[in-house]
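**Q** I'd like to ask you about the structure that follows.
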Amino acid sequence: MPSMANPELPIPGGLVLRPFRGVRFTVDDLAGVTSPPYDLIDEVGVRKLLDTHPNNVVRLILPGTDHHRYVEARETLHRWLSSGVLAADETPAVYVYEQSGPGVLQRGIIGDVGLADPELRIVLPHENVMPGPVADRLALMRTTEANLEPIFLLYDGADGATTHLVDHIAASRPPLVEAETGDGVRHRLWAVTDTGELASIDADLRPRQALIADGHHRYATYLALQRELRASTTSDAATAMPVEHVTALEAVTPVAPVEPEAVTPVEHVETVTPVASVEPVTAREAVTPVKPPEAVAPVEPVEPLEAVTPVEPVTAVEAVAPVSSVKPGPWDFGLALLVDSSAYPPDLKAIHRVIPELPLEEALAKAKGSWQVHDHADLTDGLAALEETSGPAYLLSAGGSTHLLTNPDPDQLEHAMPSERSAGWRALNTSILAEFLLPKVWGIQDDELSVRVVHHDPEAAVRLAQASGGTAVLLRPLAVDDVLAIAAHGERVPRKSTSFGPKPRTGFVLRLLTPGQTSPGKNPPFEKPES
């Protein structure tokens, strides 16, 4: 059995996805109240969402004029619950969730995932995180006492019972809700409450592992909040009843509301409005842990976890063995979408960089000492050249002409890259960017203050560079096989290296940590589905 990192925290007996009382919007225009994930929305996107519907969920996930008005988010959430804009489902459920559209079909299941330290090899991060976004999400989660959007997990379902059930439900039952968003993607949701079906899901998932595809910062936040709330409870409350293992049929345990503390706003990570999904590429399950960062002000430091060497996956027998005497509470779970990557391979897109303090002319002058620089007339020509280039390559632009960096000086590159890393890790374009191009060539540290990130859209990155007087650094997406090889070696790719999709839409189902918040509005009980 794996060792317990913290004896005061419960350990789920394998991969657990527990039913919960989902909180859903009751408005007619359901698409109008949803949004992309919080870190894919820029200022223009926020304004557009606010104009779309007065009850758009962006008021909760990016609250206020600076997006850090956490108390405002709590008050908005409570007001919408009291007025019936939001209502809790009466019966705990897991939710089948489908996204379909041009070149897109993804189905998965949303529920309460049991939290586990990465060293337990149940839920596995593959990418480093930064303390600023963790502190921001922790302040929001603590203040609202809610999981407002799901993280995105992948697992290898191996033609298992959960995937068969998900596909059967999507093909044969009318959805609970259905909406088409502005990007042309249709979203459908079904509630699964049948005890036999829930037991089948539980038995199928427990021996498996999940990889965090999207939501590393939010998962680190889940763990930080779990430790914080566990520490704030009495030892009697924390160990009142031994449990052998958490079953998927348990309902959320009621707890007393936690009074949120005042927090200091932190800087929001710049991102851009998402673009339409493209054809998915094949992916397999990765198996590498990550070390969650220490939380920064305004929260108490989070104890870091050590990375571990990959080991053989736990067996089904190990997964269901009694491993903890601590009774789990609502904070020991987090809202998650779980997708079988063997049935629905994800798409992997690039994440570009913008360096506001680095003018393009200076970037090019410094790069010419260690890179070959190829000039192109415009963004279209530059992107075509970037796509055709093998080896490390980056396209620089601040509008107008573009400049392709290729063929770095091998001696300088070898000296800059950490020798303790694997050859595969040292060859990643994001690794070379973080270890060589940024710090050695340009003298810039790769952090969320100095280097801003832009998901997927090169034109948006160039616009941001123009507006800030800086330089856009455009990258090719990493190859899925390269990411998996790094993960298999027990390493983590640099921060913001991967963007898996399609990502779940925020607002279709929310989760409260304090069940008392759900009153007085309630959704009616679900009708029993026909077989």
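Labels used: A, B, ... for chains in the order of the structure tokens, numbers from 1 for residues in each chain, and numbers from 1 for ligands as shown.
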If you run DSSP on the backbone, which residues of stretch 316-494 of chain A are strand (DSSP E), as a count of residues only?
**A** 38
**Q** Write out as a PyMOL selection string each polymer residue whose atoms come within 12 Å of A:Gln445, counting only C-alpha atoms; drop sequence neighbours fewer than 3 positions from it.
**A** chain A and resi 355+357+433-442+448-452
**Q** Per residue of stretch 434-521 of chain A within 8 Å of stretch 328-345 of chain A, note the shortest atom pair and the distance in Å to one decimal, counting only C-alpha atoms, and order the rows by chain and increasing residue number, as JSON lines.
**A**
{"residue": "A:Pro504", "atom": "CA", "partner": "A:Leu337", "partner_atom": "CA", "distance": 7.4}
{"residue": "A:Leu510", "atom": "CA", "partner": "A:Leu335", "partner_atom": "CA", "distance": 7.8}
{"residue": "A:Arg511", "atom": "CA", "partner": "A:Leu335", "partner_atom": "CA", "distance": 6.7}
{"residue": "A:Leu513", "atom": "CA", "partner": "A:Pro330", "partner_atom": "CA", "distance": 5.6}
{"residue": "A:Thr514", "atom": "CA", "partner": "A:Pro330", "partner_atom": "CA", "distance": 7.8}
**Q** Skip A:Arg463 itself and residues of its chain fewer than 3 positions away, then list as a VMD selection string all residues within 12 Å of it, counting only C-alpha atoms.
**A** chain A and resid 271 to 272 353 to 354 356 379 397 to 400 454 457 to 460 466 to 473
**Q** Set the distance at 6 Å and use only C-alpha atoms: which residues neighbour stretch 116-123 of chain A once local chain neighbours fewer than 2 positions away are removed? I'd like the list as a list of chain:residue names.
**A**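 The residues satisfying every condition are A:Leu15, A:Gln209, A:Ala210, A:Leu211, A:Pro289.
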**Q** What does the structure give for the distance between atom CA of A:Ala385 and atom CA of A:Ala350, in Å to one decimal?
**A**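 Going from atom CA of A:Ala385 over to atom CA of A:Ala350 covers 15.8 Å.
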**Q** How close does each residue of stretch 35-100 of chain A get to stretch 159-170 of chain A, giving the shortest atom pair and distance in Å to one decimal for every residue with an atom at most 12 Å away, counting only C-alpha atoms, sorted by chain and residue number, as a tab-separated table?
**A**
residue	atom	partner	partner_atom	distance
A:Val94	CA	A:Val166	CA	10.8
A:Tyr95	CA	A:Val166	CA	9.3
A:Val96	CA	A:Val166	CA	6.2
A:Tyr97	CA	A:Ala170	CA	8.5
A:Glu98	CA	A:Ala170	CA	7.6
A:Gln99	CA	A:Ala170	CA	10.8
A:Ser100	CA	A:Ala170	CA	11.4
**Q** Please write the residues from the selection above to a file, keeping N, CA, C and O atoms, as a PDB file, in the first residue's frame.
**A**
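Saved as again-v4.pdb:
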ATOM      1  N   VAL A  94     -24.489  11.745 -10.173  1.00  0.00           N
ATOM      2  CA  VAL A  94     -23.393  12.094 -11.062  1.00  0.00           C
ATOM      3  C   VAL A  94     -24.037  12.444 -12.398  1.00  0.00           C
ATOM      4  O   VAL A  94     -25.157  12.009 -12.691  1.00  0.00           O
ATOM      5  N   TYR A  95     -23.350  13.223 -13.213  1.00  0.00           N
ATOM      6  CA  TYR A  95     -23.970  13.794 -14.406  1.00  0.00           C
ATOM      7  C   TYR A  95     -23.175  13.413 -15.653  1.00  0.00           C
ATOM      8  O   TYR A  95     -21.971  13.706 -15.746  1.00  0.00           O
ATOM      9  N   VAL A  96     -23.831  12.751 -16.589  1.00  0.00           N
ATOM     10  CA  VAL A  96     -23.236  12.519 -17.899  1.00  0.00           C
ATOM     11  C   VAL A  96     -23.263  13.838 -18.661  1.00  0.00           C
ATOM     12  O   VAL A  96     -24.289  14.524 -18.709  1.00  0.00           O
ATOM     13  N   TYR A  97     -22.118  14.203 -19.238  1.00  0.00           N
ATOM     14  CA  TYR A  97     -21.975  15.488 -19.930  1.00  0.00           C
ATOM     15  C   TYR A  97     -21.414  15.238 -21.319  1.00  0.00           C
ATOM     16  O   TYR A  97     -20.387  14.576 -21.472  1.00  0.00           O
ATOM     17  N   GLU A  98     -22.095  15.797 -22.328  1.00  0.00           N
ATOM     18  CA  GLU A  98     -21.686  15.613 -23.723  1.00  0.00           C
ATOM     19  C   GLU A  98     -21.456  16.965 -24.379  1.00  0.00           C
ATOM     20  O   GLU A  98     -22.247  17.893 -24.209  1.00  0.00           O
ATOM     21  N   GLN A  99     -20.371  17.056 -25.142  1.00  0.00           N
ATOM     22  CA  GLN A  99     -20.094  18.211 -26.005  1.00  0.00           C
ATOM     23  C   GLN A  99     -19.988  17.694 -27.435  1.00  0.00           C
ATOM     24  O   GLN A  99     -19.225  16.764 -27.710  1.00  0.00           O
ATOM     25  N   SER A 100     -20.739  18.304 -28.349  1.00  0.00           N
ATOM     26  CA  SER A 100     -20.706  17.860 -29.740  1.00  0.00           C
ATOM     27  C   SER A 100     -20.818  19.072 -30.654  1.00  0.00           C
ATOM     28  O   SER A 100     -21.465  20.071 -30.333  1.00  0.00           O
TER      29      SER A 100
END
**Q** Would you mind writing down, as JSON, numbers by chain, each residue of stretch 139-181 of chain A that DSSP on the backbone assigns to helix (DSSP H, G or I)?
**A** {"A": [139, 140, 141, 142, 143, 144, 161, 162, 163, 164, 165, 166, 167, 168, 169, 170, 171, 172]}
**Q** Point out the residue among A:Ala384, A:Leu40, A:Leu413, A:Leu404 with the least atom-to-atom distance to A:Ser370, counting only C-alpha atoms.
**A**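 Using only C-alpha atoms, A:Ser370 sits closest to A:Leu413.
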**Q** Just the number, please: distance in Å from atom CA of A:Asp378 to atom CA of A:His403, one decimal.
**A**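 Going from atom CA of A:Asp378 over to atom CA of A:His403, I get 9.0 Å.
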**Q** Just to confirm, what's the straight-line distance from atom CA of A:His126 to atom CA of A:Ile212 in Å (one decimal)?
**A**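 Going from atom CA of A:His126 over to atom CA of A:Ile212 covers 6.9 Å.
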**Q** Using only C-alpha atoms for the distances, tell me which of A:Val493, A:Leu30, A:Val480, A:Leu9 is nearest to A:Ala224.
**A**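 Smallest separation from A:Ala224 among the options: A:Leu9.
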**Q** Calculated over only C-alpha atoms, which of the candidates A:Leu478, A:Leu124, A:Leu405, A:Met417 has the smallest distance to A:Lys368?
**A**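 Smallest distance to A:Lys368 is found for A:Leu405.
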**Q** Quick one: of A:Ala171, A:His217, A:Ile110, A:Leu81, who's nearest to A:Arg137, counting only C-alpha atoms?
**A**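 The shortest atom-to-atom distance to A:Arg137 comes from A:His217.
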**Q** Report as a Markdown table the residues of stretch 429-465 of chain A within 9 Å of stretch 495-503 of chain A, each with its shortest atom pair and distance in Å (one decimal), using only C-alpha atoms, ordered by chain and increasing residue number.
**A**
| residue | atom | partner | partner_atom | distance |
| --- | --- | --- | --- | --- |
| A:Asn429 | CA | A:Ser497 | CA | 8.8 |
| A:Thr430 | CA | A:Ser497 | CA | 6.0 |
| A:Ser431 | CA | A:Ser497 | CA | 8.6 |
| A:Asp447 | CA | A:Arg495 | CA | 9.0 |
| A:Val453 | CA | A:Lys496 | CA | 7.6 |
| A:His455 | CA | A:Ser499 | CA | 7.4 |
| A:His456 | CA | A:Ser499 | CA | 8.1 |
**Q** May I ask which of the residues A:Pro131, A:Gly111, A:Gly182, A:Gly490 is the closest one to A:Asn147, counting only C-alpha atoms?
**A**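 With only C-alpha atoms as the atom set, the closest residue is A:Gly111.
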**Q** Can you tell me which residues surround A:Val58 at a distance of at most 7 Å, considering only C-alpha atoms, apart from same-chain residues fewer than 6 positions away, and format the answer as an MDAnalysis selection string?
**A** chainID A and resid 35 46 49
